[in-house]
file query29.cif (mmCIF, C-alpha atoms)
data_protein
#
loop_
_atom_site.label_atom_id
_atom_site.label_comp_id
_atom_site.auth_asym_id
_atom_site.auth_seq_id
_atom_site.Cartn_x
_atom_site.Cartn_y
_atom_site.Cartn_z
CA MET M 1 -8.81 22.44 -31.85
CA PRO M 2 -8.03 19.04 -30.27
CA LEU M 3 -4.59 17.51 -30.42
CA GLU M 4 -4.77 13.78 -30.91
CA THR M 5 -3.02 10.57 -31.77
CA SER M 6 -4.77 7.24 -32.20
CA ASP M 7 -4.41 6.66 -28.44
CA LEU M 8 -4.75 10.12 -26.87
CA ARG M 9 -6.98 13.15 -27.43
CA VAL M 10 -6.28 16.46 -25.69
CA THR M 11 -8.41 19.60 -25.77
CA VAL M 12 -7.57 23.03 -24.36
CA GLU M 13 -10.25 25.59 -23.61
CA GLN M 14 -10.59 28.85 -21.76
CA VAL M 15 -12.90 28.70 -18.79
CA GLU M 16 -13.59 31.26 -16.11
CA GLY M 17 -10.21 32.43 -14.80
CA ALA M 18 -8.27 29.45 -16.08
CA VAL M 19 -7.27 27.25 -18.97
CA LEU M 20 -8.80 23.79 -18.84
CA LEU M 21 -6.88 20.93 -20.43
CA ARG M 22 -8.82 17.69 -20.92
CA ALA M 23 -7.08 14.43 -21.81
CA ALA M 24 -8.75 11.20 -22.90
CA GLY M 25 -6.98 7.94 -23.69
CA GLU M 26 -3.54 6.57 -22.84
CA ILE M 27 -0.56 8.67 -21.68
CA ASP M 28 2.79 6.96 -22.12
CA LEU M 29 6.13 7.52 -23.86
CA SER M 30 4.37 7.31 -27.21
CA THR M 31 1.65 9.88 -26.53
CA SER M 32 3.24 12.19 -23.93
CA PRO M 33 4.62 14.53 -26.66
CA THR M 34 0.99 15.27 -27.58
CA LEU M 35 0.26 16.18 -23.97
CA ALA M 36 3.43 18.32 -23.87
CA THR M 37 2.31 20.20 -26.99
CA ALA M 38 -1.08 20.83 -25.42
CA VAL M 39 0.55 22.12 -22.24
CA ASP M 40 2.69 24.44 -24.41
CA GLU M 41 -0.48 25.72 -26.05
CA ALA M 42 -2.20 26.16 -22.70
CA CYS M 43 0.74 28.05 -21.18
CA THR M 44 1.68 30.24 -24.14
CA GLY M 45 0.47 33.76 -23.62
CA ALA M 46 -2.10 32.76 -21.06
CA GLU M 47 -1.35 34.27 -17.67
CA THR M 48 -4.06 32.21 -16.04
CA ASP M 49 -4.29 29.13 -13.88
CA LEU M 50 -4.13 25.69 -15.47
CA ARG M 51 -6.65 22.99 -14.64
CA MET M 52 -6.15 19.46 -15.88
CA ASP M 53 -9.03 17.02 -16.27
CA LEU M 54 -7.75 13.42 -16.45
CA THR M 55 -11.12 11.75 -15.86
CA GLU M 56 -11.06 9.97 -19.22
CA VAL M 57 -7.45 8.79 -19.08
CA THR M 58 -7.46 4.99 -19.38
CA PHE M 59 -3.73 4.44 -18.82
CA ILE M 60 -0.86 6.48 -17.43
CA ASP M 61 2.68 5.57 -16.39
CA SER M 62 5.63 7.52 -15.00
CA THR M 63 6.32 9.04 -18.41
CA GLY M 64 2.86 10.59 -18.34
CA LEU M 65 3.32 11.74 -14.76
CA ARG M 66 6.56 13.43 -15.85
CA GLU M 67 4.56 15.62 -18.25
CA VAL M 68 1.96 16.43 -15.59
CA ILE M 69 4.70 17.44 -13.13
CA GLY M 70 6.34 19.49 -15.88
CA ALA M 71 3.06 21.31 -16.48
CA LYS M 72 2.73 22.18 -12.80
CA THR M 73 6.33 23.43 -12.73
CA ARG M 74 5.81 25.67 -15.76
CA VAL M 75 2.62 27.14 -14.35
CA ALA M 76 4.21 27.71 -10.93
CA GLU M 77 7.15 29.53 -12.55
CA ARG M 78 4.63 32.05 -13.86
CA GLY M 79 3.14 32.50 -10.42
CA ARG M 80 -0.07 30.76 -11.44
CA ARG M 81 -1.88 27.82 -9.89
CA PHE M 82 -2.11 24.27 -11.21
CA SER M 83 -4.72 21.72 -10.22
CA ILE M 84 -6.03 18.35 -11.31
CA VAL M 85 -9.80 18.75 -11.33
CA GLY M 86 -10.62 15.16 -12.23
CA ALA M 87 -8.75 11.86 -12.23
CA SER M 88 -9.76 8.41 -13.44
CA ARG M 89 -9.21 5.41 -11.19
CA VAL M 90 -5.93 4.47 -12.92
CA VAL M 91 -4.60 8.02 -12.63
CA GLN M 92 -5.58 8.29 -8.98
CA ARG M 93 -3.97 4.92 -8.20
CA LEU M 94 -0.65 5.96 -9.76
CA LEU M 95 -0.74 9.31 -7.95
CA ASP M 96 -1.40 7.47 -4.69
CA VAL M 97 1.37 4.87 -5.04
CA THR M 98 3.94 7.47 -6.08
CA GLY M 99 2.95 9.83 -3.26
CA LEU M 100 2.10 12.64 -5.68
CA THR M 101 -1.58 13.10 -4.80
CA ASP M 102 -1.04 16.10 -2.53
CA PHE M 103 1.70 17.60 -4.71
CA LEU M 104 -0.44 17.57 -7.86
CA GLY M 105 -3.91 17.67 -6.35
CA MET T 1 22.94 -4.66 -11.24
CA ILE T 2 21.96 -1.02 -10.90
CA ALA T 3 18.64 -1.43 -9.19
CA GLY T 4 17.47 -3.98 -6.71
CA PRO T 5 14.43 -5.73 -5.36
CA SER T 6 11.77 -3.65 -3.70
CA ARG T 7 9.04 -5.17 -1.59
CA GLY T 8 10.67 -8.57 -1.02
CA GLY T 9 8.74 -11.74 -1.71
CA SER T 10 9.20 -15.43 -2.22
CA SER T 11 12.01 -17.08 -4.15
CA ALA T 12 11.66 -18.39 -7.67
CA ALA T 13 11.05 -21.94 -6.46
CA VAL T 14 8.23 -23.41 -4.41
CA THR T 15 9.17 -25.27 -1.24
CA VAL T 16 6.75 -28.01 -0.21
CA ARG T 17 6.98 -29.60 3.23
CA SER T 18 5.95 -33.26 3.16
CA GLY T 19 6.36 -35.07 6.44
CA ALA T 20 10.04 -35.01 7.36
CA HIS T 21 11.09 -34.20 3.84
CA VAL T 22 11.41 -30.87 2.17
CA VAL T 23 10.88 -31.05 -1.56
CA VAL T 24 11.84 -28.11 -3.71
CA GLU T 25 9.84 -28.03 -6.91
CA ALA T 26 10.95 -25.98 -9.87
CA GLU T 27 8.55 -23.18 -10.66
CA VAL T 28 6.68 -24.08 -13.83
CA PRO T 29 4.93 -21.25 -15.62
CA ALA T 30 1.33 -21.80 -16.67
CA ALA T 31 1.99 -19.54 -19.62
CA HIS T 32 5.03 -18.11 -21.37
CA ILE T 33 5.22 -15.67 -24.26
CA ASP T 34 8.33 -14.50 -26.10
CA LEU T 35 7.80 -11.17 -27.81
CA LYS T 36 10.07 -9.32 -30.18
CA VAL T 37 9.11 -5.77 -31.17
CA PRO T 38 10.89 -2.72 -32.59
CA ARG T 39 12.45 -0.58 -29.84
CA ALA T 40 10.02 2.28 -30.37
CA PRO T 41 7.37 4.00 -28.19
CA ARG T 42 4.52 3.08 -30.53
CA TRP T 43 4.94 -0.59 -29.53
CA LEU T 44 4.29 0.05 -25.84
CA ARG T 45 0.56 -0.45 -26.32
CA THR T 46 1.17 -3.86 -27.89
CA ILE T 47 3.37 -4.83 -24.94
CA ARG T 48 0.69 -3.72 -22.46
CA MET T 49 -2.07 -5.48 -24.39
CA THR T 50 -0.07 -8.72 -24.53
CA SER T 51 0.92 -8.72 -20.87
CA GLY T 52 -2.56 -7.67 -19.74
CA ALA T 53 -4.27 -10.27 -21.90
CA MET T 54 -1.95 -12.98 -20.59
CA ALA T 55 -2.70 -12.05 -16.96
CA ALA T 56 -6.43 -11.85 -17.68
CA ALA T 57 -6.37 -15.27 -19.38
CA LEU T 58 -5.05 -16.69 -16.11
CA ASP T 59 -7.98 -15.11 -14.23
CA PHE T 60 -5.83 -12.66 -12.31
CA ASP T 61 -7.69 -10.04 -10.33
CA PRO T 62 -8.35 -6.86 -12.41
CA GLU T 63 -6.12 -4.79 -10.11
CA ILE T 64 -3.26 -7.27 -10.59
CA VAL T 65 -3.80 -7.12 -14.36
CA GLU T 66 -3.53 -3.33 -14.17
CA ASP T 67 -0.33 -3.58 -12.11
CA VAL T 68 1.14 -6.00 -14.68
CA ARG T 69 0.29 -3.60 -17.52
CA THR T 70 1.84 -0.65 -15.70
CA ASN T 71 5.00 -2.53 -14.70
CA ALA T 72 5.42 -3.84 -18.26
CA SER T 73 5.11 -0.29 -19.55
CA GLU T 74 7.67 1.03 -17.04
CA VAL T 75 10.34 -1.59 -17.82
CA SER T 76 9.79 -1.30 -21.58
CA SER T 77 9.74 2.52 -21.57
CA ALA T 78 13.03 2.60 -19.66
CA LEU T 79 14.72 0.33 -22.21
CA ILE T 80 13.28 2.30 -25.13
CA GLU T 81 14.68 5.49 -23.60
CA VAL T 82 18.18 4.31 -22.66
CA GLY T 83 18.78 1.46 -25.13
CA THR T 84 20.19 1.81 -28.63
CA GLY T 85 19.19 -1.46 -30.31
CA ASP T 86 16.63 -1.82 -33.06
CA VAL T 87 14.75 -4.61 -31.30
CA LEU T 88 13.28 -5.09 -27.83
CA ASN T 89 13.14 -8.74 -26.73
CA LEU T 90 10.64 -9.63 -24.02
CA GLU T 91 9.91 -12.80 -22.07
CA LEU T 92 6.58 -12.92 -20.24
CA SER T 93 5.91 -15.74 -17.78
CA ALA T 94 3.14 -16.37 -15.29
CA GLY T 95 1.89 -19.06 -12.96
CA ASP T 96 -0.25 -19.46 -9.86
CA GLY T 97 0.24 -16.28 -7.89
CA TRP T 98 2.94 -14.63 -9.97
CA PHE T 99 3.73 -12.79 -13.20
CA SER T 100 7.19 -11.88 -14.41
CA MET T 101 8.68 -10.08 -17.37
CA ARG T 102 12.24 -9.69 -18.58
CA ALA T 103 13.19 -7.40 -21.44
CA GLU T 104 16.47 -6.51 -23.08
CA THR T 105 17.96 -4.56 -25.95
CA SER T 106 21.37 -3.52 -27.20
CA LEU T 107 23.36 -0.64 -25.74
CA ASP T 108 26.27 0.97 -27.57
CA ASP T 109 27.81 2.88 -24.68
CA PRO T 110 26.90 2.15 -21.03
CA SER T 111 28.18 5.59 -19.97
CA THR T 112 25.27 7.19 -21.85
CA VAL T 113 22.67 5.63 -19.55
CA GLN T 114 20.95 8.46 -17.68
CA ARG T 115 20.44 7.31 -14.11
CA ASP T 116 17.58 9.75 -13.47
CA ARG T 117 15.64 8.28 -16.39
CA LEU T 118 15.72 4.87 -14.70
CA GLU T 119 14.88 6.28 -11.26
CA GLN T 120 11.58 7.65 -12.54
CA HIS T 121 10.53 4.16 -13.66
CA GLU T 122 11.93 2.53 -10.53
CA LYS T 123 9.67 4.64 -8.33
CA VAL T 124 6.57 3.07 -9.88
CA LEU T 125 8.11 -0.42 -10.08
CA ALA T 126 8.98 -0.22 -6.36
CA ALA T 127 5.32 0.43 -5.57
CA LEU T 128 3.66 -2.03 -7.97
CA SER T 129 6.04 -5.01 -8.12
CA ASP T 130 7.70 -7.37 -5.65
CA HIS T 131 11.04 -7.55 -7.45
CA PHE T 132 12.50 -5.40 -10.18
CA GLY T 133 15.87 -4.50 -11.60
CA PHE T 134 17.82 -2.98 -14.46
CA ASP T 135 21.18 -4.29 -15.58
CA VAL T 136 23.77 -2.78 -17.90
CA SER T 137 26.48 -5.11 -19.13
CA ASP T 138 28.25 -6.45 -22.22
CA GLY T 139 26.58 -4.16 -24.70
CA ARG T 140 23.10 -4.96 -23.38
CA VAL T 141 20.63 -3.26 -21.10
CA SER T 142 17.93 -5.36 -19.49
CA GLY T 143 15.07 -4.84 -17.09
CA SER T 144 12.68 -7.09 -15.25
CA PHE T 145 9.85 -7.18 -12.76
CA ARG T 146 7.93 -9.81 -10.86
CA ARG T 147 4.47 -9.32 -9.33
CA GLU T 148 3.29 -11.79 -6.73
CA PHE T 149 -0.08 -12.17 -5.08
CA ARG T 150 -2.16 -14.52 -3.01
CA ILE T 151 -4.72 -16.73 -4.73
CA ASP T 152 -8.09 -17.19 -3.10
CA PRO T 153 -8.49 -21.02 -3.06
CA MET T 154 -12.29 -20.62 -2.92
CA ALA T 155 -12.49 -18.41 -6.01
CA PRO T 156 -13.79 -20.09 -9.19
CA ARG T 157 -11.02 -20.65 -11.77
CA GLY T 158 -11.59 -20.59 -15.49
#

call {"tool": "encode", "arguments": {"input": "query29.cif", "output": "structure tokens"}}
result
Amino acid sequence: MPLETSDLRVTVEQVEGAVLLRAAGEIDLSTSPTLATAVDEACTGAETDLRMDLTEVTFIDSTGLREVIGAKTRVAERGRRFSIVGASRVVQRLLDVTGLTDFLG
Amino acid sequence: MIAGPSRGGSSAAVTVRSGAHVVVEAEVPAAHIDLKVPRAPRWLRTIRMTSGAMAAALDFDPEIVEDVRTNASEVSSALIEVGTGDVLNLELSAGDGWFSMRAETSLDDPSTVQRDRLEQHEKVLAALSDHFGFDVSDGRVSGSFRREFRIDPMAPRG
């Protein structure tokens, strides 16, 4: 079941060996709680890797990045792997300028 | 001032050399918008739309427009997080080769400002603006950024 606000839609699904979280729309201080809830859902009870698809994200700022970093931290604490499997141009640009591409890639 | 300029850049006035004389002309914005919105996250999109539309109306390059939108979101988000006022006041100005924004809101107790909250926003502002800063004083917290860029004199202007 997707989690969504008027500006962000997040889906979580089980794929082979991992949970795939897809986000579409804008991730900022207003919508990041929706992403956080989806990460909670993805991490609860699932001892699998987490993959994040941000291909359809049309805006992200440091508040959104904070949630993405938080997701990686939570997954790493469980000994699982985190990866971004797709990033839109705006996401990739922010990852590049903040030096987080390798850390979150 | 609790944060300073980042990438450097020109001053807020244009210096024109004319023969033996140096004339300093005041910087006149081509556009200026005052915006007053509730200090709440749901208004960030309106702030981004307004700043982005203003930059686009001045024919700024799409990448500059995106930088303006991101910087506006960073400054505004920081003030929404650390401020305590009901209202966020913003001043957007732009001219040939520059865009600036200043925002401010009330602050009950300066000691409650979480430095790490500002640092997160400063990291992006340092990368995508030429000047930025946050200031806490006299019951107010303010933030600003300025993005500068070269204009291609051969490019068609609208």

call {"tool": "closest_atom_pairs", "arguments": {"input": "query29.cif", "of": "chain M", "to": "chain T", "cutoff": "9 Å", "atoms": "only C-alpha atoms", "output": "Markdown table"}}
result
| residue | atom | partner | partner_atom | distance |
| --- | --- | --- | --- | --- |
| M:Asp7 | CA | T:Arg45 | CA | 8.9 |
| M:Glu26 | CA | T:Arg45 | CA | 8.8 |
| M:Asp28 | CA | T:Leu44 | CA | 8.0 |
| M:Leu29 | CA | T:Pro41 | CA | 5.7 |
| M:Ser30 | CA | T:Pro41 | CA | 4.6 |
| M:Thr31 | CA | T:Pro41 | CA | 8.4 |
| M:Phe59 | CA | T:Thr70 | CA | 8.2 |
| M:Ile60 | CA | T:Thr70 | CA | 7.8 |
| M:Asp61 | CA | T:Thr70 | CA | 6.3 |
| M:Ser62 | CA | T:His121 | CA | 6.1 |
| M:Thr63 | CA | T:Gln120 | CA | 8.0 |
| M:Arg66 | CA | T:Gln120 | CA | 8.3 |
| M:Val90 | CA | T:Glu66 | CA | 8.3 |
| M:Leu94 | CA | T:Val124 | CA | 7.8 |
| M:Val97 | CA | T:Ala127 | CA | 6.0 |
| M:Thr98 | CA | T:Val124 | CA | 6.4 |

call {"tool": "residues_around", "arguments": {"input": "query29.cif", "residues": "Phe103 of chain M", "least_positions_apart": "5", "cutoff": "10 Å", "atoms": "all atoms listed in the file", "output": "ChimeraX atom specification"}}
result
/M:69,72,83,95

call {"tool": "resolve_selection", "arguments": {"input": "query29.cif", "expression": "the PyMOL selection byres ((chain M and resi 58) around 9)", "output": "ChimeraX atom specification"}}
result
/M:24-27,54-57,59-60,88-91

call {"tool": "residues_around", "arguments": {"input": "query29.cif", "residues": "Leu21 of chain M", "least_positions_apart": "2", "cutoff": "12 Å", "atoms": "only C-alpha atoms", "output": "PyMOL selection string"}}
result
chain M and resi 1-3+9-15+18-19+23-24+35-43+49-56+68+71+82-86

call {"tool": "residues_around", "arguments": {"input": "query29.cif", "residues": "Ile33 of chain T", "least_positions_apart": "6", "cutoff": "12 Å", "atoms": "only C-alpha atoms", "output": "short mmCIF file (atom, residue, chain, number, x, y, z; two decimals) with C-alpha atoms, keeping the file's coordinate frame"}}
result
data_model
loop_
_atom_site.label_atom_id
_atom_site.label_comp_id
_atom_site.auth_asym_id
_atom_site.auth_seq_id
_atom_site.Cartn_x
_atom_site.Cartn_y
_atom_site.Cartn_z
CA ILE T 47 3.37 -4.83 -24.94
CA THR T 50 -0.07 -8.72 -24.53
CA SER T 51 0.92 -8.72 -20.87
CA ALA T 53 -4.27 -10.27 -21.90
CA MET T 54 -1.95 -12.98 -20.59
CA ALA T 55 -2.70 -12.05 -16.96
CA ASN T 89 13.14 -8.74 -26.73
CA LEU T 90 10.64 -9.63 -24.02
CA GLU T 91 9.91 -12.80 -22.07
CA LEU T 92 6.58 -12.92 -20.24
CA SER T 93 5.91 -15.74 -17.78
CA ALA T 94 3.14 -16.37 -15.29
CA PHE T 99 3.73 -12.79 -13.20
CA SER T 100 7.19 -11.88 -14.41
CA MET T 101 8.68 -10.08 -17.37
CA ARG T 102 12.24 -9.69 -18.58
CA ALA T 103 13.19 -7.40 -21.44
#

call {"tool": "atom_distance", "arguments": {"input": "query29.cif", "atom1": "atom CA of Val87 of chain T", "atom2": "atom CA of Thr5 of chain M"}}
result
23.4 Å

call {"tool": "closest_residue", "arguments": {"input": "query29.cif", "among": "T:Pro110, T:Gly52, T:Gly97, T:Gly85", "to": "Asp138 of chain T", "atoms": "all atoms listed in the file"}}
result
T:Pro110

call {"tool": "closest_residue", "arguments": {"input": "query29.cif", "among": "T:Leu79, T:Phe149, T:Gly139, T:Leu88", "to": "Ser111 of chain T", "atoms": "all atoms listed in the file"}}
result
T:Gly139

call {"tool": "atom_distance", "arguments": {"input": "query29.cif", "atom1": "atom CA of Glu4 of chain M", "atom2": "atom CA of Ala87 of chain M"}}
result
19.2 Å

call {"tool": "atom_distance", "arguments": {"input": "query29.cif", "atom1": "atom CA of Asp86 of chain T", "atom2": "atom CA of Ser129 of chain T"}}
result
27.3 Å
